[in-house]
Amino acid sequence: MEKTEKKQYKFGLIGKDIEYSFSRNYFTHKFKKLGLTNYVYVNFDYQKIEEFKTTLENNSNIKGCNVTIPYKESVIPFLTSLDAKAKAIGAVNTIKFTENGLIGYNTDAYGFKKSIEPHLKKHHTKALILGTGGASKAVKYVLEDLGIVCTYVSRKPKKNQFTYTDLNNNIIKEYTVIINCTPLGTHPNITDKPTIPYLHLTEKHLLFDLIYNPDKTAFLSAGEAQGATISNGQHMLEHQAEESWRIWNS
């Protein structure tokens, strides 16, 4: 009897300069473990988000995509609709391909909440968010949901935001949670770190870095040296990936 070939299902990561991709390795391993030989996960490495149009025209077998820096916001106009959480956050990191079009979701918020909650203590009532990109919006959404007052720190601050030069002993003392949402410190530029006054950090501080490679960034090392609790983005990525998988299969 002739063997019928299984239809191939494609998933992928939309981003820029993403050869290092956590997602591709994670899902390739997952598909192998589940015996899904007709599932593949690829990188859609775009210099401009407009290249997404060509992908859509030439790939009828895509079932879902993840989205990373710098396209979590600029991908939105290409989508048919957003789920309520993605709409509230204003950023998308997961796309489900359906008969009714492309639906945008945000699983960063889920992943971040699951990974930061175990580290939070009663005195963690205020947070600084370093960077204002798409991932920072999910972080802000979660912190506010947890009742933590948060303020953005940016090189080009808008109203009610700090610049890095604003940060002094009093501000650092008041804001005991600091989250790095910038790419500073990512491999291979592992000596880079946000310019905050690390000498004012104490054992009361929690430093969370969305970066996972290296596993201990210069930002986290500087915090650890002052006695702060530290956490990287590895668990956040794992949680958001599993939530993406649940969405694609629901």
# chains A, B, ... in the order shown; residues from 1 in each chain; ligands from 1
call {"tool": "select_by_dssp", "arguments": {"residues": "range 33-234 of chain A", "states": "alpha helix (DSSP H)", "output": "ChimeraX atom specification"}}
result
/A:33-34,52-58,84-89,108-116,134-145,169-174,218-225,234
call {"tool": "select_by_dssp", "arguments": {"residues": "range 77-125 of chain A", "states": "strand (DSSP E)", "output": "PyMOL selection string"}}
result
chain A and resi 81-82+94-98+101-105
call {"tool": "closest_residue", "arguments": {"among": "A:Val40, A:Val153, A:Ala222, A:Ile76", "to": "Asn61 in chain A", "atoms": "only C-alpha atoms"}}
result
A:Val40
call {"tool": "atom_distance", "arguments": {"atom1": "CA of Val92 in chain A", "atom2": "CA of Ile211 in chain A"}}
result
18.1 Å
call {"tool": "closest_residue", "arguments": {"among": "A:Val139, A:Cys181, A:Cys150, A:Ile14", "to": "Gly90 in chain A", "atoms": "only C-alpha atoms"}}
result
A:Val139
call {"tool": "residues_around", "arguments": {"residues": "Ile171 in chain A", "least_positions_apart": "3", "cutoff": "12 Å", "atoms": "only C-alpha atoms", "output": "PyMOL selection string"}}
result
chain A and resi 126-128+150-151+153+162-168+174-178+196-198+200-201
call {"tool": "write_last_selection", "arguments": {"atoms": "N, CA, C and O atoms", "output": "tab-separated table (two decimals), in the first residue's frame"}}
result
chain	number	residue	atom	x	y	z
A	126	LYS	N	7.37	49.05	44.35
A	126	LYS	CA	7.65	49.97	43.23
A	126	LYS	C	8.72	49.39	42.32
A	126	LYS	O	9.69	48.79	42.81
A	127	ALA	N	8.54	49.59	41.02
A	127	ALA	CA	9.48	49.01	40.05
A	127	ALA	C	9.92	50.02	38.99
A	127	ALA	O	9.13	50.87	38.56
A	128	LEU	N	11.17	49.88	38.59
A	128	LEU	CA	11.70	50.62	37.44
A	128	LEU	C	11.75	49.66	36.25
A	128	LEU	O	12.25	48.54	36.37
A	150	CYS	N	4.85	51.26	38.79
A	150	CYS	CA	6.05	51.17	37.96
A	150	CYS	C	6.26	52.42	37.11
A	150	CYS	O	5.32	53.10	36.72
A	151	THR	N	7.54	52.69	36.85
A	151	THR	CA	7.94	53.85	36.06
A	151	THR	C	8.98	53.42	35.04
A	151	THR	O	9.90	52.67	35.35
A	153	VAL	N	12.17	53.89	32.54
A	153	VAL	CA	13.43	54.63	32.44
A	153	VAL	C	13.85	54.56	30.98
A	153	VAL	O	13.93	53.47	30.40
A	162	PHE	N	11.54	58.43	33.83
A	162	PHE	CA	12.87	58.87	34.25
A	162	PHE	C	13.86	58.73	33.10
A	162	PHE	O	13.71	57.85	32.24
A	163	THR	N	14.89	59.57	33.12
A	163	THR	CA	16.07	59.32	32.28
A	163	THR	C	17.05	58.55	33.17
A	163	THR	O	16.90	58.51	34.40
A	164	TYR	N	18.07	57.97	32.55
A	164	TYR	CA	19.07	57.22	33.35
A	164	TYR	C	19.84	58.16	34.28
A	164	TYR	O	20.24	57.77	35.37
A	165	THR	N	20.00	59.42	33.86
A	165	THR	CA	20.74	60.38	34.70
A	165	THR	C	19.90	60.85	35.89
A	165	THR	O	20.44	61.38	36.86
A	166	ASP	N	18.59	60.65	35.82
A	166	ASP	CA	17.71	61.01	36.96
A	166	ASP	C	17.93	60.08	38.15
A	166	ASP	O	17.68	60.46	39.29
A	167	LEU	N	18.34	58.86	37.87
A	167	LEU	CA	18.39	57.84	38.92
A	167	LEU	C	19.46	58.17	39.97
A	167	LEU	O	20.64	58.28	39.67
A	168	ASN	N	19.00	58.32	41.19
A	168	ASN	CA	19.91	58.64	42.29
A	168	ASN	C	19.63	57.70	43.46
A	168	ASN	O	18.78	56.80	43.37
A	174	GLU	N	13.80	53.71	46.76
A	174	GLU	CA	12.33	53.64	46.71
A	174	GLU	C	11.84	52.52	45.78
A	174	GLU	O	10.86	51.83	46.07
A	175	TYR	N	12.54	52.34	44.66
A	175	TYR	CA	12.12	51.36	43.65
A	175	TYR	C	12.97	50.10	43.81
A	175	TYR	O	14.08	50.01	43.29
A	176	THR	N	12.42	49.12	44.51
A	176	THR	CA	13.23	47.94	44.87
A	176	THR	C	13.12	46.79	43.85
A	176	THR	O	13.74	45.75	44.04
A	177	VAL	N	12.34	46.99	42.80
A	177	VAL	CA	12.30	46.02	41.69
A	177	VAL	C	12.80	46.73	40.45
A	177	VAL	O	12.31	47.82	40.12
A	178	ILE	N	13.78	46.16	39.77
A	178	ILE	CA	14.32	46.76	38.54
A	178	ILE	C	14.37	45.71	37.45
A	178	ILE	O	14.98	44.65	37.62
A	196	ILE	N	22.80	52.38	35.45
A	196	ILE	CA	22.10	52.76	36.68
A	196	ILE	C	23.13	52.76	37.81
A	196	ILE	O	24.18	52.12	37.71
A	197	PRO	N	22.86	53.49	38.91
A	197	PRO	CA	23.84	53.52	40.01
A	197	PRO	C	23.78	52.25	40.87
A	197	PRO	O	23.11	52.19	41.90
A	198	TYR	N	24.49	51.25	40.43
A	198	TYR	CA	24.45	49.93	41.08
A	198	TYR	C	24.91	49.97	42.55
A	198	TYR	O	24.48	49.14	43.35
A	200	HIS	N	24.00	51.76	44.85
A	200	HIS	CA	22.89	52.02	45.77
A	200	HIS	C	21.97	50.82	45.97
A	200	HIS	O	21.02	50.88	46.74
A	201	LEU	N	22.26	49.73	45.27
A	201	LEU	CA	21.43	48.52	45.41
A	201	LEU	C	21.74	47.83	46.74
A	201	LEU	O	22.86	47.91	47.25
call {"tool": "residues_around", "arguments": {"residues": "Ser221 in chain A", "least_positions_apart": "4", "cutoff": "10 Å", "atoms": "only C-alpha atoms", "output": "PyMOL selection string"}}
result
chain A and resi 193+207+216-217+225-228+230
call {"tool": "residues_around", "arguments": {"residues": "Pro118 in chain A", "least_positions_apart": "2", "cutoff": "12 Å", "atoms": "only C-alpha atoms", "output": "PyMOL selection string"}}
result
chain A and resi 112-116+120-122+206+229-231+235
call {"tool": "residues_around", "arguments": {"residues": "Lys48 in chain A", "least_positions_apart": "5", "cutoff": "10 Å", "atoms": "only C-alpha atoms", "output": "list in words"}}
result
Gly15, Lys16, Pro70, Tyr71 and Ser74 of chain A
call {"tool": "atom_distance", "arguments": {"atom1": "CA of Gly12 in chain A", "atom2": "CA of Asn180 in chain A"}}
result
25.4 Å
call {"tool": "residues_around", "arguments": {"residues": "Asn213 in chain A", "least_positions_apart": "3", "cutoff": "10 Å", "atoms": "only C-alpha atoms", "output": "JSON, numbers by chain"}}
result
{"A": [20, 22, 185, 186, 187, 188, 190, 210, 216, 217, 232, 233, 234]}
call {"tool": "closest_residue", "arguments": {"among": "A:Lys158, A:Lys53, A:Arg246, A:Arg24", "to": "Lys96 in chain A", "atoms": "only C-alpha atoms"}}
result
A:Arg246
call {"tool": "atom_distance", "arguments": {"atom1": "CA of Glu224 in chain A", "atom2": "CA of His124 in chain A"}}
result
16.9 Å
call {"tool": "closest_residue", "arguments": {"among": "A:Gly35, A:Gly111, A:Gly223, A:Gly101", "to": "Glu242 in chain A", "atoms": "only C-alpha atoms"}}
result
A:Gly111
